[in-house]
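**Q** Can you keep this structure in mind? I'll have questions shortly.
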Amino acid sequence: MSRGAVNRTILAVAGALLVAGGLLVLAGGLDLYRRLGLSMPAGWPLTARTRPLLGVAARARVAGHSWWWPVVIAVLVLLVIGALAWLAAQLRRTRSGSLELAPPLAATALLVRGRAVEDVVEAATVALPGVERVSAQLGGPPGAPVVRAAVRLTTHGSPAELLEGFRTGPLARTRRSLGLPTLRSELRLRVAPQRRPSRRKQPRVR
Amino acid sequence: MNAGPAGDGAAAGPAEPVEPVESPEPEAAQTVAGSGVAGGPEVEQDPKARGPRSPRTAPAFLTVLAVLVLAGGLLYDVIAVRSGFAAAPWRARVAHELAVRGPDDPWVLAGAGVAVVLGALLLWGAFSAGARRWLPLREPGAVIDRSGVAVLIAVRAAELPGVQGTRVRVVRRRTVVRVTGAVDPAAVQRALRAELAAIPLAAPNRLDVRVRAGRPAHPHRHGGLEEPAGPSRGAAS
(Lines give C-alpha, C1' and ligand atoms only; values in the text may rest on other atoms or scores of the structure.)
Protein backbone atom coordinates (compact mmCIF):
# COMPACT_ATOMS: atom_id res chain seq x y z
CA MET A 1 0.00 0.00 0.00
CA SER A 2 1.45 3.31 -0.99
CA ARG A 3 2.00 6.06 1.52
CA GLY A 4 -0.87 8.08 0.08
CA ALA A 5 -3.22 5.12 0.42
CA VAL A 6 -2.17 4.64 4.09
CA ASN A 7 -2.79 8.32 4.81
CA ARG A 8 -6.17 8.26 3.14
CA THR A 9 -7.18 5.15 5.08
CA ILE A 10 -6.20 6.84 8.35
CA LEU A 11 -8.28 9.89 7.43
CA ALA A 12 -11.25 7.79 6.33
CA VAL A 13 -11.33 5.67 9.51
CA ALA A 14 -10.89 8.65 11.84
CA GLY A 15 -13.50 10.66 9.92
CA ALA A 16 -16.02 7.81 9.90
CA LEU A 17 -15.62 7.28 13.66
CA LEU A 18 -16.04 10.99 14.40
CA VAL A 19 -19.11 11.31 12.17
CA ALA A 20 -20.72 8.16 13.56
CA GLY A 21 -20.13 9.15 17.19
CA GLY A 22 -21.25 12.72 16.64
CA LEU A 23 -24.41 11.65 14.82
CA LEU A 24 -25.29 9.16 17.59
CA VAL A 25 -25.04 11.88 20.23
CA LEU A 26 -26.91 14.41 18.08
CA ALA A 27 -29.69 11.94 17.34
CA GLY A 28 -30.10 11.20 21.04
CA GLY A 29 -29.79 14.80 22.18
CA LEU A 30 -32.19 16.23 19.61
CA ASP A 31 -34.59 13.36 20.23
CA LEU A 32 -34.65 12.43 16.56
CA TYR A 33 -35.72 8.83 17.16
CA ARG A 34 -39.04 9.85 18.72
CA ARG A 35 -39.66 12.70 16.28
CA LEU A 36 -39.07 10.52 13.26
CA GLY A 37 -40.95 7.62 14.78
CA LEU A 38 -37.95 5.29 14.65
CA SER A 39 -37.78 2.33 16.99
CA MET A 40 -34.19 1.31 17.42
CA PRO A 41 -33.04 -2.19 18.44
CA ALA A 42 -32.81 -2.90 22.15
CA GLY A 43 -29.10 -2.30 22.71
CA TRP A 44 -28.91 0.99 20.70
CA PRO A 45 -26.93 3.57 22.65
CA LEU A 46 -27.97 7.11 23.62
CA THR A 47 -31.64 6.88 22.84
CA ALA A 48 -32.75 8.71 25.98
CA ARG A 49 -32.21 12.46 25.94
CA THR A 50 -31.49 13.03 29.59
CA ARG A 51 -29.76 9.84 30.62
CA PRO A 52 -26.05 10.56 31.21
CA LEU A 53 -23.65 9.60 28.44
CA LEU A 54 -21.79 7.23 30.72
CA GLY A 55 -23.44 6.94 34.10
CA VAL A 56 -21.82 5.51 37.18
CA ALA A 57 -23.87 2.34 36.94
CA ALA A 58 -23.05 1.82 33.27
CA ARG A 59 -19.38 2.37 33.94
CA ALA A 60 -19.39 -0.12 36.77
CA ARG A 61 -21.14 -2.67 34.57
CA VAL A 62 -18.66 -2.26 31.71
CA ALA A 63 -15.60 -2.28 33.93
CA GLY A 64 -16.96 -5.27 35.82
CA HIS A 65 -16.00 -7.65 33.04
CA SER A 66 -12.68 -9.25 33.69
CA TRP A 67 -11.60 -8.74 30.07
CA TRP A 68 -12.38 -5.03 29.93
CA TRP A 69 -9.15 -3.43 31.11
CA PRO A 70 -6.79 -5.81 29.26
CA VAL A 71 -8.71 -5.11 26.05
CA VAL A 72 -8.63 -1.35 26.63
CA ILE A 73 -4.90 -1.44 27.30
CA ALA A 74 -4.24 -3.63 24.27
CA VAL A 75 -6.21 -1.33 21.97
CA LEU A 76 -4.44 1.75 23.31
CA VAL A 77 -1.04 0.09 22.95
CA LEU A 78 -1.83 -0.81 19.34
CA LEU A 79 -2.94 2.76 18.60
CA VAL A 80 0.21 4.23 20.13
CA ILE A 81 2.47 1.77 18.31
CA GLY A 82 0.69 2.44 15.03
CA ALA A 83 1.00 6.20 15.42
CA LEU A 84 4.71 5.93 16.26
CA ALA A 85 5.29 3.62 13.29
CA TRP A 86 3.58 6.10 10.99
CA LEU A 87 5.73 8.95 12.30
CA ALA A 88 8.88 6.86 11.92
CA ALA A 89 7.94 6.04 8.32
CA GLN A 90 7.64 9.76 7.59
CA LEU A 91 11.10 10.46 8.95
CA ARG A 92 12.70 7.69 6.93
CA ARG A 93 14.40 8.86 3.78
CA THR A 94 12.13 8.50 0.82
CA ARG A 95 14.78 8.54 -1.88
CA SER A 96 17.56 6.08 -1.85
CA GLY A 97 20.85 7.77 -2.54
CA SER A 98 21.82 5.25 -5.14
CA LEU A 99 20.35 2.98 -7.75
CA GLU A 100 21.19 -0.68 -7.47
CA LEU A 101 21.16 -2.46 -10.78
CA ALA A 102 21.16 -6.22 -10.47
CA PRO A 103 20.71 -8.95 -13.13
CA PRO A 104 16.92 -9.32 -12.90
CA LEU A 105 16.55 -5.60 -13.41
CA ALA A 106 19.50 -4.86 -15.67
CA ALA A 107 22.13 -6.69 -17.66
CA THR A 108 24.98 -6.18 -15.20
CA ALA A 109 25.28 -5.62 -11.48
CA LEU A 110 25.98 -1.95 -10.93
CA LEU A 111 25.60 0.66 -8.25
CA VAL A 112 24.86 4.09 -9.66
CA ARG A 113 24.68 7.15 -7.52
CA GLY A 114 21.26 8.74 -7.78
CA ARG A 115 22.80 12.19 -7.96
CA ALA A 116 24.70 11.16 -11.08
CA VAL A 117 21.53 10.09 -12.86
CA GLU A 118 19.78 13.26 -11.73
CA ASP A 119 22.60 15.45 -13.02
CA VAL A 120 22.57 13.79 -16.42
CA VAL A 121 18.80 14.11 -16.77
CA GLU A 122 18.90 17.74 -15.68
CA ALA A 123 21.70 18.66 -18.07
CA ALA A 124 20.00 16.96 -21.02
CA THR A 125 16.58 18.42 -20.24
CA VAL A 126 17.70 21.98 -19.75
CA ALA A 127 19.19 21.84 -23.26
CA LEU A 128 15.76 21.16 -24.79
CA PRO A 129 14.13 24.14 -26.47
CA GLY A 130 11.86 26.29 -24.33
CA VAL A 131 13.15 24.98 -20.99
CA GLU A 132 14.05 27.51 -18.36
CA ARG A 133 14.80 25.39 -15.33
CA VAL A 134 14.85 21.71 -14.41
CA SER A 135 15.24 19.72 -11.26
CA ALA A 136 15.30 15.94 -11.41
CA GLN A 137 15.06 13.34 -8.69
CA LEU A 138 15.52 9.63 -8.75
CA GLY A 139 12.92 7.90 -6.61
CA GLY A 140 10.57 5.00 -6.43
CA PRO A 141 10.87 1.65 -4.66
CA PRO A 142 14.10 -0.35 -5.18
CA GLY A 143 12.64 -2.60 -7.89
CA ALA A 144 10.96 0.14 -9.88
CA PRO A 145 12.97 3.35 -10.08
CA VAL A 146 11.27 6.53 -11.26
CA VAL A 147 12.84 9.66 -12.70
CA ARG A 148 10.86 12.65 -11.48
CA ALA A 149 11.56 15.87 -13.29
CA ALA A 150 10.08 19.27 -12.53
CA VAL A 151 10.45 21.46 -15.60
CA ARG A 152 9.80 25.15 -15.91
CA LEU A 153 9.12 26.28 -19.46
CA THR A 154 9.64 29.75 -20.81
CA THR A 155 6.49 31.64 -21.73
CA HIS A 156 7.01 30.61 -25.34
CA GLY A 157 7.83 26.99 -24.61
CA SER A 158 5.71 24.21 -26.00
CA PRO A 159 4.54 21.41 -23.68
CA ALA A 160 3.99 19.03 -26.59
CA GLU A 161 7.49 19.57 -27.87
CA LEU A 162 8.90 19.18 -24.39
CA LEU A 163 7.11 15.87 -23.79
CA GLU A 164 8.36 14.55 -27.10
CA GLY A 165 11.86 15.89 -26.54
CA PHE A 166 12.07 14.54 -23.03
CA ARG A 167 10.88 11.09 -24.05
CA THR A 168 13.20 10.76 -27.02
CA GLY A 169 16.11 12.67 -25.44
CA PRO A 170 16.99 12.55 -21.73
CA LEU A 171 14.67 9.68 -20.84
CA ALA A 172 15.66 7.47 -23.77
CA ARG A 173 19.34 8.14 -23.13
CA THR A 174 19.04 7.38 -19.42
CA ARG A 175 17.15 4.18 -20.13
CA ARG A 176 19.73 3.10 -22.64
CA SER A 177 22.78 3.93 -20.60
CA LEU A 178 21.43 2.31 -17.45
CA GLY A 179 20.10 -0.69 -19.38
CA LEU A 180 16.67 -0.07 -17.88
CA PRO A 181 14.15 -0.02 -20.73
CA THR A 182 11.26 0.15 -18.26
CA LEU A 183 12.54 3.12 -16.25
CA ARG A 184 9.46 5.20 -15.51
CA SER A 185 9.29 8.98 -15.60
CA GLU A 186 7.11 11.60 -14.01
CA LEU A 187 7.10 15.10 -15.43
CA ARG A 188 5.73 18.20 -13.78
CA LEU A 189 5.52 21.14 -16.14
CA ARG A 190 5.25 24.71 -15.07
CA VAL A 191 5.54 27.90 -17.06
CA ALA A 192 7.51 30.95 -16.09
CA PRO A 193 5.21 33.71 -14.91
CA GLN A 194 4.19 36.14 -17.58
CA ARG A 195 5.96 39.46 -17.44
CA ARG A 196 3.29 42.05 -17.93
CA PRO A 197 4.54 45.10 -19.78
CA SER A 198 4.13 47.84 -17.21
CA ARG A 199 2.72 50.98 -18.76
CA ARG A 200 4.63 53.35 -16.54
CA LYS A 201 8.03 52.24 -17.72
CA GLN A 202 7.24 52.66 -21.39
CA PRO A 203 8.88 55.73 -22.89
CA ARG A 204 6.43 58.42 -23.68
CA VAL A 205 6.05 58.96 -27.39
CA ARG A 206 5.43 62.49 -28.45
CA MET B 1 7.32 24.84 -33.54
CA ASN B 2 3.64 24.32 -32.93
CA ALA B 3 3.01 27.99 -32.32
CA GLY B 4 4.54 28.83 -35.69
CA PRO B 5 1.88 27.61 -38.16
CA ALA B 6 -0.93 28.59 -35.82
CA GLY B 7 0.51 32.07 -35.46
CA ASP B 8 0.96 32.46 -39.18
CA GLY B 9 -2.57 31.35 -39.85
CA ALA B 10 -4.08 33.68 -37.27
CA ALA B 11 -1.95 36.61 -38.37
CA ALA B 12 -2.80 35.97 -42.00
CA GLY B 13 -6.52 36.17 -41.28
CA PRO B 14 -6.92 39.86 -40.39
CA ALA B 15 -3.87 41.04 -42.38
CA GLU B 16 -5.05 39.81 -45.76
CA PRO B 17 -8.01 41.32 -47.59
CA VAL B 18 -11.28 39.91 -46.39
CA GLU B 19 -12.06 36.85 -48.39
CA PRO B 20 -14.59 34.34 -47.14
CA VAL B 21 -12.84 31.53 -48.99
CA GLU B 22 -9.68 32.12 -46.99
CA SER B 23 -11.13 31.61 -43.55
CA PRO B 24 -11.50 27.81 -43.53
CA GLU B 25 -7.99 27.33 -44.83
CA PRO B 26 -5.99 28.57 -41.86
CA GLU B 27 -8.26 26.66 -39.56
CA ALA B 28 -7.63 23.46 -41.47
CA ALA B 29 -3.92 24.18 -41.36
CA GLN B 30 -4.17 24.69 -37.62
CA THR B 31 -5.93 21.43 -36.96
CA VAL B 32 -3.37 19.58 -39.05
CA ALA B 33 -0.56 21.29 -37.21
CA GLY B 34 -2.21 20.59 -33.87
CA SER B 35 -2.66 16.90 -34.47
CA GLY B 36 0.83 16.63 -35.89
CA VAL B 37 2.38 18.14 -32.80
CA ALA B 38 0.20 16.33 -30.33
CA GLY B 39 0.78 13.00 -31.94
CA GLY B 40 3.64 11.81 -29.72
CA PRO B 41 1.98 8.78 -28.19
CA GLU B 42 -1.21 8.22 -30.15
CA VAL B 43 -3.62 8.54 -27.25
CA GLU B 44 -7.02 10.11 -27.65
CA GLN B 45 -8.31 12.55 -25.07
CA ASP B 46 -9.97 10.74 -22.24
CA PRO B 47 -12.79 12.63 -20.53
CA LYS B 48 -12.18 10.68 -17.33
CA ALA B 49 -8.43 11.21 -17.26
CA ARG B 50 -7.33 11.86 -13.71
CA GLY B 51 -4.53 13.97 -12.42
CA PRO B 52 -2.26 13.02 -9.58
CA ARG B 53 -3.74 12.39 -6.16
CA SER B 54 -2.45 14.35 -3.22
CA PRO B 55 -0.65 12.17 -0.64
CA ARG B 56 -2.52 13.97 2.19
CA THR B 57 0.50 14.02 4.43
CA ALA B 58 -0.38 17.07 6.53
CA PRO B 59 -3.93 16.07 7.57
CA ALA B 60 -2.77 12.52 8.23
CA PHE B 61 0.04 13.93 10.40
CA LEU B 62 -2.42 15.97 12.47
CA THR B 63 -4.74 12.99 12.86
CA VAL B 64 -1.93 10.68 13.91
CA LEU B 65 -0.65 13.29 16.35
CA ALA B 66 -4.10 13.60 17.93
CA VAL B 67 -4.40 9.81 18.20
CA LEU B 68 -0.95 9.60 19.73
CA VAL B 69 -1.67 12.25 22.37
CA LEU B 70 -5.12 10.91 23.30
CA ALA B 71 -4.24 7.21 23.26
CA GLY B 72 -0.86 7.77 24.90
CA GLY B 73 -2.29 9.90 27.70
CA LEU B 74 -5.13 7.51 28.35
CA LEU B 75 -2.80 4.50 28.27
CA TYR B 76 -0.47 6.13 30.76
CA ASP B 77 -3.31 6.88 33.15
CA VAL B 78 -5.04 3.50 32.80
CA ILE B 79 -1.79 1.74 33.63
CA ALA B 80 -1.16 4.13 36.51
CA VAL B 81 -4.59 3.38 37.99
CA ARG B 82 -4.15 -0.37 37.44
CA SER B 83 -0.90 -0.30 39.38
CA GLY B 84 -2.47 1.44 42.35
CA PHE B 85 -2.06 5.18 41.77
CA ALA B 86 -4.92 7.66 41.72
CA ALA B 87 -6.47 8.68 38.43
CA ALA B 88 -5.21 11.92 36.94
CA PRO B 89 -7.42 14.96 37.60
CA TRP B 90 -8.35 15.35 33.93
CA ARG B 91 -9.64 11.80 33.74
CA ALA B 92 -11.69 12.12 36.91
CA ARG B 93 -13.14 15.32 35.51
CA VAL B 94 -14.04 13.71 32.18
CA ALA B 95 -15.61 10.72 33.94
CA HIS B 96 -17.61 13.08 36.16
CA GLU B 97 -18.87 15.14 33.22
CA LEU B 98 -19.85 12.02 31.30
CA ALA B 99 -21.73 10.74 34.34
CA VAL B 100 -23.62 14.05 34.78
CA ARG B 101 -24.41 15.33 31.31
CA GLY B 102 -26.89 13.68 28.99
CA PRO B 103 -27.03 13.96 25.18
CA ASP B 104 -29.29 17.02 25.39
CA ASP B 105 -26.72 19.07 27.30
CA PRO B 106 -25.72 22.09 25.13
CA TRP B 107 -22.03 21.40 25.57
CA VAL B 108 -22.46 17.81 24.57
CA LEU B 109 -24.53 18.81 21.53
CA ALA B 110 -21.94 21.39 20.49
CA GLY B 111 -19.18 18.84 20.88
CA ALA B 112 -21.11 16.31 18.80
CA GLY B 113 -21.68 18.93 16.09
CA VAL B 114 -17.97 19.73 15.98
CA ALA B 115 -17.16 16.02 15.78
CA VAL B 116 -19.53 15.56 12.83
CA VAL B 117 -18.07 18.53 10.96
CA LEU B 118 -14.50 17.46 11.65
CA GLY B 119 -15.26 13.89 10.64
CA ALA B 120 -16.91 15.04 7.43
CA LEU B 121 -13.82 17.13 6.63
CA LEU B 122 -11.56 14.13 7.19
CA LEU B 123 -13.78 11.92 5.02
CA TRP B 124 -13.76 14.55 2.29
CA GLY B 125 -9.98 14.69 2.49
CA ALA B 126 -9.78 10.91 2.32
CA PHE B 127 -11.88 10.50 -0.80
CA SER B 128 -11.32 13.64 -2.86
CA ALA B 129 -8.46 13.64 -5.33
CA GLY B 130 -6.63 16.76 -4.22
CA ALA B 131 -3.62 18.09 -6.17
CA ARG B 132 -6.05 20.12 -8.26
CA ARG B 133 -3.23 22.36 -9.30
CA TRP B 134 -2.00 19.79 -11.83
CA LEU B 135 -3.72 18.78 -15.05
CA PRO B 136 -2.77 15.41 -16.50
CA LEU B 137 -1.08 15.36 -19.88
CA ARG B 138 -1.40 12.64 -22.50
CA GLU B 139 2.01 11.19 -21.69
CA PRO B 140 1.56 8.87 -18.70
CA GLY B 141 3.01 10.42 -15.55
CA ALA B 142 3.23 13.93 -17.00
CA VAL B 143 1.22 16.82 -15.61
CA ILE B 144 1.11 20.55 -16.18
CA ASP B 145 0.42 23.41 -13.83
CA ARG B 146 -3.01 25.00 -14.39
CA SER B 147 -1.57 28.48 -14.08
CA GLY B 148 1.12 27.44 -16.55
CA VAL B 149 -1.56 26.69 -19.12
CA ALA B 150 -3.06 30.08 -18.32
CA VAL B 151 0.27 31.81 -18.95
CA LEU B 152 0.73 30.08 -22.32
CA ILE B 153 -2.76 31.13 -23.42
CA ALA B 154 -2.35 34.67 -22.10
CA VAL B 155 0.99 35.15 -23.85
CA ARG B 156 -0.50 33.97 -27.13
CA ALA B 157 -3.54 36.20 -26.68
CA ALA B 158 -1.40 39.25 -25.96
CA GLU B 159 0.37 38.74 -29.29
CA LEU B 160 -2.85 38.98 -31.29
CA PRO B 161 -3.43 42.27 -33.07
CA GLY B 162 -5.67 44.70 -31.22
CA VAL B 163 -5.57 42.94 -27.87
CA GLN B 164 -5.08 45.33 -24.97
CA GLY B 165 -5.57 43.12 -21.96
CA THR B 166 -6.18 39.47 -21.16
CA ARG B 167 -7.26 37.53 -18.13
CA VAL B 168 -7.10 33.77 -18.29
CA ARG B 169 -8.51 31.36 -15.79
CA VAL B 170 -7.95 27.64 -16.20
CA VAL B 171 -10.02 25.15 -14.27
CA ARG B 172 -10.06 21.40 -14.64
CA ARG B 173 -12.23 21.17 -17.73
CA ARG B 174 -12.52 24.73 -18.91
CA THR B 175 -10.43 27.71 -19.86
CA VAL B 176 -12.03 31.12 -19.63
CA VAL B 177 -10.26 33.93 -21.47
CA ARG B 178 -11.36 37.53 -21.08
CA VAL B 179 -9.91 39.72 -23.79
CA THR B 180 -10.13 43.49 -23.82
CA GLY B 181 -9.60 45.39 -27.02
CA ALA B 182 -10.93 46.04 -30.48
CA VAL B 183 -10.51 42.54 -31.84
CA ASP B 184 -12.35 40.09 -34.02
CA PRO B 185 -13.80 37.57 -31.53
CA ALA B 186 -13.77 34.76 -34.08
CA ALA B 187 -10.10 35.28 -34.89
CA VAL B 188 -9.17 35.37 -31.20
CA GLN B 189 -11.19 32.25 -30.59
CA ARG B 190 -9.51 30.46 -33.51
CA ALA B 191 -6.00 31.41 -32.49
CA LEU B 192 -6.49 30.54 -28.82
CA ARG B 193 -8.26 27.29 -29.62
CA ALA B 194 -5.26 26.26 -31.69
CA GLU B 195 -2.94 27.27 -28.85
CA LEU B 196 -4.95 25.28 -26.31
CA ALA B 197 -5.16 22.28 -28.65
CA ALA B 198 -1.36 22.37 -28.96
CA ILE B 199 -1.10 21.60 -25.24
CA PRO B 200 -1.51 17.84 -25.04
CA LEU B 201 -3.95 17.72 -22.13
CA ALA B 202 -5.26 14.26 -21.33
CA ALA B 203 -8.81 15.43 -20.65
CA PRO B 204 -10.72 17.70 -23.01
CA ASN B 205 -10.64 21.33 -21.96
CA ARG B 206 -13.27 23.71 -23.26
CA LEU B 207 -12.28 27.18 -24.36
CA ASP B 208 -14.51 30.10 -23.50
CA VAL B 209 -13.48 33.45 -24.98
CA ARG B 210 -15.22 36.62 -23.86
CA VAL B 211 -14.33 39.79 -25.67
CA ARG B 212 -14.98 43.23 -24.26
CA ALA B 213 -14.42 46.29 -26.36
CA GLY B 214 -11.64 48.08 -24.55
CA ARG B 215 -10.76 51.71 -24.11
CA PRO B 216 -9.36 53.59 -27.12
CA ALA B 217 -5.75 52.88 -27.95
CA HIS B 218 -4.45 55.90 -26.01
CA PRO B 219 -5.42 55.99 -22.34
CA HIS B 220 -8.15 58.50 -21.74
CA ARG B 221 -6.29 60.37 -19.03
CA HIS B 222 -3.44 61.42 -21.28
CA GLY B 223 -5.82 62.66 -23.89
CA GLY B 224 -7.74 64.59 -21.27
CA LEU B 225 -4.62 66.35 -20.04
CA GLU B 226 -3.25 67.25 -23.44
CA GLU B 227 -6.38 68.16 -25.24
CA PRO B 228 -7.31 71.29 -23.24
CA ALA B 229 -3.70 72.44 -23.49
CA GLY B 230 -3.90 72.61 -27.29
CA PRO B 231 -6.99 74.77 -27.73
CA SER B 232 -6.10 77.08 -24.81
CA ARG B 233 -2.73 77.74 -26.33
CA GLY B 234 -4.40 78.27 -29.66
CA ALA B 235 -6.83 80.74 -28.13
CA ALA B 236 -4.06 82.70 -26.44
CA SER B 237 -2.02 83.18 -29.60
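Residues in the C-alpha coordinates are numbered from 1 in each chain, the chains being A, B, ... in the order shown, and ligands are numbered from 1 in the order shown.
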Within 7 Å of Pro47 in chain B, counting only C-alpha atoms, which residues qualify if same-chain residues fewer than 2 places away don't, as a count of residues only?
**A** 4
**Q** For chain A, work out the contacting residues on chain B at 7 Å, counting only C-alpha atoms, and write them as a VMD selection string.
**A** chain B and resid 37 to 38 40 55 to 57 60 64 68 71 to 72 75 98 to 104 109 112 to 113 115 to 116 119 to 120 122 to 123 126 141 to 145 148 151 to 152 155 198 to 200
**Q** Distance CA of Arg82 in chain B-CA of Ala60 in chain A, one decimal place?
**A** 15.3 Å
**Q** Provide the CA of Arg132 in chain B to CA of Lys48 in chain B distance in Å, to one decimal place.
**A** 14.5 Å
